$ cat upload19.cif   # mmCIF, C-alpha atoms
data_entry
#
loop_
_atom_site.label_atom_id
_atom_site.label_comp_id
_atom_site.auth_asym_id
_atom_site.auth_seq_id
_atom_site.Cartn_x
_atom_site.Cartn_y
_atom_site.Cartn_z
CA MET A 207 0.00 0.00 0.00
CA ILE A 208 1.00 3.67 -0.29
CA VAL A 209 1.39 5.78 2.87
CA TYR A 210 3.30 8.78 4.15
CA LEU A 211 6.56 7.52 5.62
CA PRO A 212 8.17 9.83 8.22
CA ASP A 213 11.23 11.58 6.85
CA GLY A 214 11.97 14.04 9.66
CA ARG A 215 10.85 17.10 7.72
CA PRO A 216 7.84 19.37 8.42
CA TRP A 217 5.39 18.09 5.82
CA PRO A 218 3.25 14.95 5.53
CA GLY A 219 6.22 12.68 4.83
CA GLN A 220 7.60 10.78 1.86
CA LEU A 221 5.07 8.82 -0.16
CA GLY A 222 6.17 5.22 -0.30
CA GLU A 223 5.09 1.62 -0.18
CA ALA A 224 4.67 -0.09 3.19
CA ALA A 225 3.39 -3.38 4.50
CA LEU A 226 0.26 -3.62 6.64
CA ASP A 227 -0.90 -6.68 8.55
CA VAL A 228 -4.64 -6.79 7.78
CA LEU A 229 -7.18 -9.27 9.14
CA GLU A 230 -10.14 -8.00 7.14
CA LEU A 231 -10.97 -5.29 4.63
CA ARG A 232 -14.54 -3.99 4.86
CA PRO A 233 -16.26 -1.32 2.67
CA ALA A 234 -14.98 1.61 4.74
CA GLU A 235 -12.72 0.10 7.39
CA VAL A 236 -9.54 -1.87 7.88
CA VAL A 237 -9.41 -4.47 10.64
CA LEU A 238 -5.93 -5.00 12.06
CA PRO A 239 -4.81 -7.41 14.78
CA GLU A 240 -4.38 -4.43 17.14
CA ALA A 241 -7.03 -1.98 15.99
CA THR A 242 -9.89 -1.17 13.66
CA VAL A 243 -9.73 1.98 11.55
CA ARG A 244 -13.06 3.14 10.13
CA ASP A 245 -14.30 6.06 8.03
CA GLU A 246 -17.68 7.07 9.51
CA ARG A 247 -18.92 9.25 6.64
CA GLY A 248 -20.68 6.53 4.67
CA GLY A 249 -20.16 5.00 1.27
CA ARG A 250 -17.84 2.31 -0.04
CA LEU A 251 -14.15 3.18 -0.10
CA PHE A 252 -12.60 -0.22 -0.75
CA ASN A 253 -13.28 -2.59 -3.64
CA GLY A 254 -11.18 -5.72 -3.72
CA SER A 255 -7.95 -6.10 -1.78
CA THR A 256 -5.83 -3.24 -3.13
CA LEU A 257 -4.75 -0.52 -0.72
CA MET A 258 -3.03 1.69 -3.27
CA PHE A 259 -4.68 5.11 -3.19
CA ASP A 260 -3.72 8.63 -4.19
CA PRO A 261 -3.70 11.13 -1.29
CA SER A 262 -5.16 13.68 -3.75
CA ALA A 263 -3.82 16.63 -1.71
CA GLY A 264 -6.13 15.67 1.13
CA GLY A 265 -9.35 15.77 -0.89
CA GLY A 266 -11.96 17.91 0.84
CA PRO A 267 -15.01 19.90 -0.24
CA LEU A 268 -13.23 21.63 -3.14
CA ALA A 269 -12.01 18.37 -4.68
CA ASP A 270 -14.10 16.41 -7.15
CA ALA A 271 -15.87 13.26 -5.99
CA VAL A 272 -13.24 10.87 -7.34
CA ALA A 273 -10.34 12.75 -5.72
CA ASP A 274 -12.17 13.06 -2.41
CA GLN A 275 -12.93 9.33 -2.34
CA GLN A 276 -9.28 8.54 -3.08
CA ALA A 277 -8.21 10.91 -0.28
CA ARG A 278 -10.64 9.32 2.17
CA ALA A 279 -9.49 5.80 1.32
CA PHE A 280 -5.86 6.92 1.62
CA GLY A 281 -6.69 8.45 5.01
CA VAL A 282 -7.92 5.11 6.32
CA THR A 283 -4.88 3.17 5.13
CA ASN A 284 -2.42 5.89 6.17
CA THR A 285 -3.98 5.99 9.63
CA ALA A 286 -3.95 2.20 9.86
CA PHE A 287 -0.24 2.10 9.04
CA HIS A 288 0.74 4.64 11.70
CA VAL A 289 -1.58 3.13 14.30
CA GLN A 290 -0.19 -0.36 13.76
CA ARG A 291 3.38 0.92 13.78
CA ALA A 292 2.86 2.84 17.02
CA LEU A 293 1.08 0.01 18.82
CA ARG A 294 3.64 -2.57 17.75
CA PHE A 295 6.47 -0.28 18.81
CA ALA A 296 4.92 -0.02 22.28
CA SER A 297 4.05 -3.70 22.55
CA ALA A 298 7.58 -4.78 21.62
CA LEU A 299 9.09 -2.65 24.40
CA LEU A 300 6.48 -3.57 27.00
CA GLY A 301 6.51 -7.27 26.16
CA HIS A 302 2.74 -7.48 25.76
CA PRO A 303 0.02 -5.97 23.55
CA LEU A 304 -2.15 -3.02 24.50
CA PRO A 305 -5.94 -3.28 24.56
CA ARG A 306 -7.57 -3.13 21.16
CA LEU A 307 -8.06 0.39 19.77
CA LEU A 308 -10.87 1.75 17.60
CA VAL A 309 -10.08 4.72 15.34
CA ARG A 310 -13.00 6.61 13.79
CA ILE A 311 -12.41 9.11 10.97
CA GLY A 312 -14.80 11.89 10.00
CA MET A 313 -16.09 12.59 13.49
CA HIS A 314 -17.57 15.81 14.86
CA ASP A 315 -17.80 17.64 11.53
CA GLN A 316 -21.07 19.32 12.47
CA PRO A 317 -21.91 22.16 12.76
CA ARG A 318 -18.55 22.93 11.15
CA ARG A 319 -15.71 20.82 9.81
CA TRP A 320 -13.03 19.74 12.27
CA ARG A 321 -9.32 19.26 11.56
CA GLY A 322 -8.34 17.87 14.93
CA GLY A 323 -8.14 14.60 16.79
CA HIS A 324 -8.78 13.40 20.31
CA TYR A 325 -8.77 10.29 22.46
CA ARG A 326 -12.01 9.42 24.20
CA LEU A 327 -13.12 7.05 26.93
CA PRO A 328 -16.78 6.45 27.88
CA ARG A 329 -18.34 9.08 30.12
CA SER A 330 -22.02 9.63 30.83
CA SER A 331 -21.82 13.42 30.57
CA LEU A 332 -20.45 13.47 27.02
CA THR A 333 -23.05 14.87 24.65
CA ASP A 334 -21.09 15.22 21.41
CA GLU A 335 -19.82 11.64 21.25
CA PRO A 336 -21.36 8.47 19.79
CA ALA A 337 -23.94 6.71 21.96
CA THR A 338 -21.48 3.91 22.64
CA LEU A 339 -17.75 4.21 23.11
CA SER A 340 -15.26 1.39 23.49
CA SER A 341 -14.30 1.01 27.15
CA ALA A 342 -10.72 0.46 25.98
CA GLY A 343 -10.65 3.91 24.35
CA GLU A 344 -11.16 5.40 20.90
CA VAL A 345 -9.30 7.84 18.68
CA HIS A 346 -11.54 10.28 16.79
CA LEU A 347 -10.21 12.20 13.79
CA GLY A 348 -12.11 15.00 12.09
CA GLY A 349 -12.90 15.03 8.39
CA GLY A 350 -10.61 17.99 7.90
CA ALA A 351 -10.74 21.76 7.40
CA GLY A 352 -8.55 24.47 5.93
CA PHE A 353 -5.38 24.11 3.89
CA LEU A 354 -1.69 23.63 4.61
CA PRO A 355 1.37 24.39 2.49
CA THR A 356 3.49 21.74 0.78
CA PRO A 357 7.14 21.82 -0.33
CA ASP A 358 6.15 22.68 -3.91
CA GLY A 359 4.05 25.64 -2.77
CA SER A 360 0.67 24.05 -3.44
CA ARG A 361 -2.15 23.76 -0.92
CA TYR A 362 -3.06 20.57 0.91
CA PHE A 363 -6.46 20.04 2.56
CA HIS A 364 -5.82 19.48 6.25
CA ALA A 365 -7.26 16.01 6.78
CA PRO A 366 -6.07 14.65 10.16
CA ALA A 367 -6.02 11.10 8.77
CA HIS A 368 -3.20 12.25 6.45
CA ASN A 369 -1.23 13.78 9.33
CA ALA A 370 1.01 11.25 11.10
CA ALA A 371 1.72 13.63 13.98
CA ILE A 372 -1.94 13.86 14.97
CA ILE A 373 -2.42 10.11 14.59
CA CYS A 374 0.63 9.18 16.66
CA HIS A 375 -0.19 11.70 19.38
CA GLU A 376 -3.68 10.27 19.88
CA VAL A 377 -2.34 6.70 19.95
CA GLY A 378 0.08 7.99 22.58
CA HIS A 379 -2.90 8.80 24.81
CA HIS A 380 -4.07 5.19 24.43
CA LEU A 381 -0.64 4.05 25.59
CA CYS A 382 -0.75 6.45 28.55
CA ARG A 383 -4.22 5.25 29.57
CA HIS A 384 -3.14 1.61 29.66
CA THR A 385 0.25 2.11 31.32
CA ALA A 386 0.74 5.20 33.50
CA ASP A 387 -3.05 5.72 33.83
CA PHE A 388 -2.57 9.30 34.97
CA ARG A 389 -6.26 9.76 35.85
CA LEU A 390 -6.73 6.31 37.45
CA ASN A 391 -9.42 5.34 35.00
CA ARG A 392 -8.90 1.66 35.81
CA LEU A 393 -10.45 2.40 39.22
CA ARG A 394 -13.46 4.25 37.77
CA PRO A 395 -16.65 2.64 36.43
CA PRO A 396 -16.03 1.47 32.82
CA GLU A 397 -18.92 3.61 31.57
CA ASN A 398 -17.94 6.74 33.50
CA GLN A 399 -14.23 7.43 33.02
CA THR A 400 -12.60 10.83 32.71
CA ASN A 401 -11.17 12.35 29.55
CA ARG A 402 -9.42 15.24 31.27
CA LYS A 403 -5.73 15.22 30.34
CA ILE A 404 -2.84 16.42 32.47
CA ALA A 405 0.51 17.81 31.34
CA LEU A 406 2.27 14.45 31.68
CA ASP A 407 -0.32 12.82 29.43
CA GLU A 408 0.04 15.46 26.70
CA GLY A 409 3.80 15.65 27.01
CA THR A 410 4.32 11.90 26.93
CA ALA A 411 2.08 11.63 23.85
CA ASP A 412 4.21 14.34 22.23
CA VAL A 413 7.55 12.69 22.94
CA LEU A 414 6.24 9.34 21.71
CA THR A 415 5.21 11.13 18.52
CA ALA A 416 8.70 12.61 18.20
CA ILE A 417 10.22 9.15 18.65
CA LEU A 418 7.96 7.61 16.01
CA LEU A 419 8.47 10.45 13.51
CA GLY A 420 12.17 10.89 14.20
CA THR A 421 11.99 14.65 14.72
CA PRO A 422 11.46 17.07 17.63
CA ASP A 423 9.47 19.37 15.33
CA ILE A 424 6.47 17.06 15.41
CA TYR A 425 3.86 19.65 14.39
CA GLY A 426 6.04 21.60 11.99
CA TRP A 427 3.63 20.97 9.12
CA HIS A 428 0.29 22.13 10.52
CA ARG A 429 1.80 24.59 13.03
CA GLY A 430 4.49 25.85 10.67
CA THR A 431 3.18 29.41 10.74
CA LEU A 432 4.17 29.62 14.41
CA ALA A 433 7.74 30.55 15.25
CA GLU A 434 9.93 27.66 16.38
CA GLY A 435 10.38 29.43 19.71
CA ASP A 436 6.63 29.75 20.26
CA GLN A 437 5.56 27.22 22.89
CA ARG A 438 2.26 26.66 21.04
CA ARG A 439 4.21 25.03 18.19
CA ARG A 440 5.26 22.36 20.73
CA LYS A 441 8.63 21.82 19.16
CA LEU A 442 10.79 19.88 21.63
CA GLN A 443 13.79 22.01 20.76
CA PRO A 444 14.61 24.75 21.81
CA ARG A 445 14.84 23.55 25.37
CA TRP A 446 11.76 24.14 27.50
CA THR A 447 12.28 24.16 31.25
CA MET A 448 10.17 24.30 34.40
CA ALA A 449 10.50 28.07 34.20
CA HIS A 450 7.97 27.82 31.33
CA PHE A 451 5.60 25.66 33.37
CA VAL A 452 2.38 27.28 34.59
CA GLY A 453 0.20 24.56 36.13
CA GLY A 454 -3.32 24.86 37.47
CA ARG A 455 -6.66 23.64 36.19
CA ASP A 456 -7.07 26.57 33.80
CA GLN A 457 -3.72 26.09 32.06
CA ASP A 458 -3.51 24.28 28.73
CA PRO A 459 -1.87 20.91 29.54
CA HIS A 460 -0.43 20.79 26.01
CA ALA A 461 1.81 23.77 26.75
CA ASP A 462 2.95 22.49 30.14
CA GLY A 463 3.40 19.05 28.59
CA THR A 464 5.95 20.51 26.19
CA VAL A 465 8.31 20.97 29.16
CA TRP A 466 8.15 17.26 29.97
CA ALA A 467 8.39 16.21 26.31
CA SER A 468 11.38 18.48 25.73
CA ALA A 469 13.17 17.05 28.77
CA CYS A 470 12.49 13.47 27.63
CA TRP A 471 13.81 14.28 24.16
CA SER A 472 17.01 15.72 25.67
CA ALA A 473 17.43 12.64 27.86
CA ARG A 474 16.93 10.35 24.87
CA GLU A 475 19.53 12.23 22.84
CA ARG A 476 21.97 12.12 25.77
CA VAL A 477 21.49 8.37 26.19
CA THR A 478 22.02 7.90 22.45
CA ALA A 479 25.23 9.92 22.61
CA THR A 480 26.66 7.47 25.17
CA GLY A 481 26.31 4.67 22.63
CA ALA A 482 23.57 2.93 24.58
CA GLY A 483 21.06 3.39 21.77
CA ALA A 484 17.80 5.30 21.64
CA ALA A 485 15.77 2.12 22.25
CA ARG A 486 17.30 1.92 25.70
CA PHE A 487 15.62 5.16 26.70
CA ASP A 488 12.39 4.26 24.89
CA ALA A 489 12.12 1.01 26.84
CA ALA A 490 12.85 2.73 30.16
CA LEU A 491 10.18 5.34 29.42
CA LEU A 492 7.46 2.82 28.60
CA ARG A 493 8.33 0.39 31.37
CA GLY A 494 8.57 3.25 33.83
CA MET A 495 5.12 4.40 32.76
CA GLU A 496 3.74 0.92 33.30
CA SER A 497 5.24 0.55 36.78
CA ALA A 498 4.06 4.05 37.73
CA GLY A 499 0.53 3.14 36.73
CA ALA A 500 0.23 0.13 38.98
CA ASP A 501 0.94 1.58 42.42
CA ALA A 502 -2.50 2.84 43.50
CA ASP A 503 -5.48 0.77 44.61
CA ARG A 504 -7.78 3.62 45.66
CA LEU A 505 -9.15 6.56 43.70
CA THR A 506 -8.28 9.49 45.96
CA GLU A 507 -7.39 13.12 45.38
CA ASP A 508 -3.94 12.53 46.87
CA ALA A 509 -3.30 9.70 44.41
CA LEU A 510 -4.35 11.91 41.49
CA ILE A 511 -2.14 14.77 42.71
CA GLN A 512 0.84 12.42 42.93
CA ARG A 513 0.26 11.31 39.35
CA ARG A 514 0.62 14.89 38.12
CA GLN A 515 4.19 15.23 39.42
CA PHE A 516 6.98 15.09 36.84
CA SER A 517 9.44 13.85 39.46
CA ARG A 518 7.36 10.74 40.14
CA LEU A 519 7.48 9.54 36.53
CA LEU A 520 11.15 10.49 36.28
CA SER A 521 11.92 8.23 39.24
CA ALA A 522 9.98 5.38 37.65
CA ILE A 523 11.96 5.76 34.40
CA THR A 524 15.30 5.66 36.18
CA GLN A 525 14.24 2.65 38.25
CA ALA A 526 13.25 0.84 35.05
CA ASP A 527 16.86 1.04 33.82
CA PRO A 528 19.38 2.02 36.53
CA GLY A 529 22.20 1.70 33.99
CA ILE A 530 21.17 4.87 32.17
CA ALA A 531 19.77 6.64 35.23
CA PRO A 532 22.72 9.05 35.78
CA VAL A 533 22.54 10.23 32.17
CA VAL A 534 18.76 10.66 32.27
CA LEU A 535 18.85 12.51 35.59
CA ALA A 536 21.55 14.90 34.36
CA ALA A 537 19.64 15.72 31.18
CA MET A 538 16.36 16.19 33.04
CA ALA A 539 18.03 18.44 35.60
CA GLU A 540 18.98 20.84 32.82
CA HIS A 541 15.23 21.29 32.26
CA GLY A 542 14.67 21.89 35.97
CA ILE A 543 13.21 18.42 36.61
CA ARG A 544 14.62 16.31 39.43
CA PRO A 545 13.30 13.56 41.71
CA ASP A 546 11.43 14.11 44.98
CA ALA A 547 9.96 17.54 44.29
CA SER A 548 6.51 18.79 43.37
CA ASN A 549 5.86 20.54 40.09
CA ALA A 550 5.32 23.78 42.01
CA ALA A 551 8.69 23.45 43.77
CA LEU A 552 10.44 22.68 40.48
CA GLU A 553 8.77 25.67 38.85
CA ASP A 554 9.83 28.01 41.66
CA ALA A 555 13.41 26.75 41.56
CA ALA A 556 13.66 27.11 37.78
CA ARG A 557 12.29 30.63 37.82
CA ALA A 558 14.67 31.59 40.61
CA VAL A 559 17.58 30.44 38.44
CA LEU A 560 16.15 32.34 35.48
CA THR A 561 15.87 35.57 37.41
CA GLY A 562 19.20 35.15 39.18
CA GLU A 563 17.67 34.99 42.64
CA VAL A 564 19.37 31.76 43.73
CA GLY A 565 21.51 32.25 46.80
CA ARG A 566 20.31 35.78 47.57
#

$ encode --input "upload19.cif" --output "structure tokens"
Amino acid sequence: MIVYLPDGRPWPGQLGEAALDVLELRPAEVVLPEATVRDERGGRLFNGSTLMFDPSAGGGPLADAVADQQARAFGVTNTAFHVQRALRFASALLGHPLPRLLVRIGMHDQPRRWRGGHYRLPRSSLTDEPATLSSAGEVHLGGGAGFLPTPDGSRYFHAPAHNAAIICHEVGHHLCRHTADFRLNRLRPPENQTNRKIALDEGTADVLTAILLGTPDIYGWHRGTLAEGDQRRRKLQPRWTMAHFVGGRDQDPHADGTVWASACWSARERVTATGAGAARFDAALLRGMESAGADADRLTEDALIQRRQFSRLLSAITQADPGIAPVVLAAMAEHGIRPDASNAALEDAARAVLTGEVGR
């Protein structure tokens, strides 16, 4: 099949052939061993067994019917490739598979088209979601909106199913839910879980995306109009530190998560520089997340507060692989993150260094 293969540059990727392990091909969905990827907008997209489709510059409302159908079919297969790759990457490092994932494309396009993605768990108060949601979690991708530039100067309809960064980030939330479980959803009723994300959830999903795409500029395509030093771009370089952390329920967890993601990226690069190999850090990260997710048996406010602390997950990562712990700790410290301190304490210390108030 044809998909966008990550090439480390801020555009969709390099079109190329890739293998996909498929159990079943239905009219508008691909069933994989790990996940099902479905276009929810109706109509037949697949005839026969071929998965060779033209991305057609994203398709969209300005494209003709043939081009839009090609773009939609490409979106399903492109999403399936990146979902399978991400889940198999995680499963190989953890030593076991994650719960099955459902990905639904073309969601929430009313009253206006949507170019985003999110990860959803069942909750009784949700009014804009399908009547039934998988208790294991679902990724929802919009049908697309607006246009993005391409290397040749043409416009590309922004269909999330064509955007590997969005896909990988949302799969990252599935990994977080079933390892670190930052919101202790395993202790909540299956039909009434919480979808509120914290900075560690967003930041970990971002660094996993950077690992899978091979670049710290994970959103350089659809956020390319933002300066590289703008925190909203969520580029993991330049270095973000706890001095940029805000915290609080009203703060965007994506922005605060960039601090954690940036620190993880630095630690991974430092581990790689020692000759240990990037996979060594990747395994410590995932196994640390899994061990950190298993240490609470009661859903309490104190347990939830503890799960928000960067230092707690840092300690779990270093315990997962003591051999690289000194390198990881040194890299994290340069971002103002160290063990045995609350986020608030780390923020205060980093800002004191920034303003030159240390030791006064």

$ resolve_selection --input "upload19.cif" --expression "the PyMOL selection byres ((chain A and resi 312-324) around 9)" --output "PyMOL selection string"
chain A and resi 244-247+310-311+325-326+334-335+344-352+364-367+372-373+375-376+379

$ residues_near_point --input "upload19.cif" --point "(-9.5, 11.0, 34.4)" --cutoff "9 Å" --atoms "all atoms listed in the file" --output "PyMOL selection string"
chain A and resi 387-391+394+399-404+510

$ atom_distance --input "upload19.cif" --atom1 "atom CA of Ala490 of chain A" --atom2 "atom CA of Pro545 of chain A"
15.8 Å

$ atom_distance --input "upload19.cif" --atom1 "atom CA of Arg439 of chain A" --atom2 "atom CA of His384 of chain A"
27.1 Å

$ resolve_selection --input "upload19.cif" --expression "the PyMOL selection byres ((chain A and resi 276) around 8)" --output "PyMOL selection string"
chain A and resi 251+259-262+265+272-275+277-280

$ closest_residue --input "upload19.cif" --among "A:Ala370, A:Leu432, A:Ala482, A:Ala500" --to "Leu414 of chain A" --atoms "only C-alpha atoms"
A:Ala370
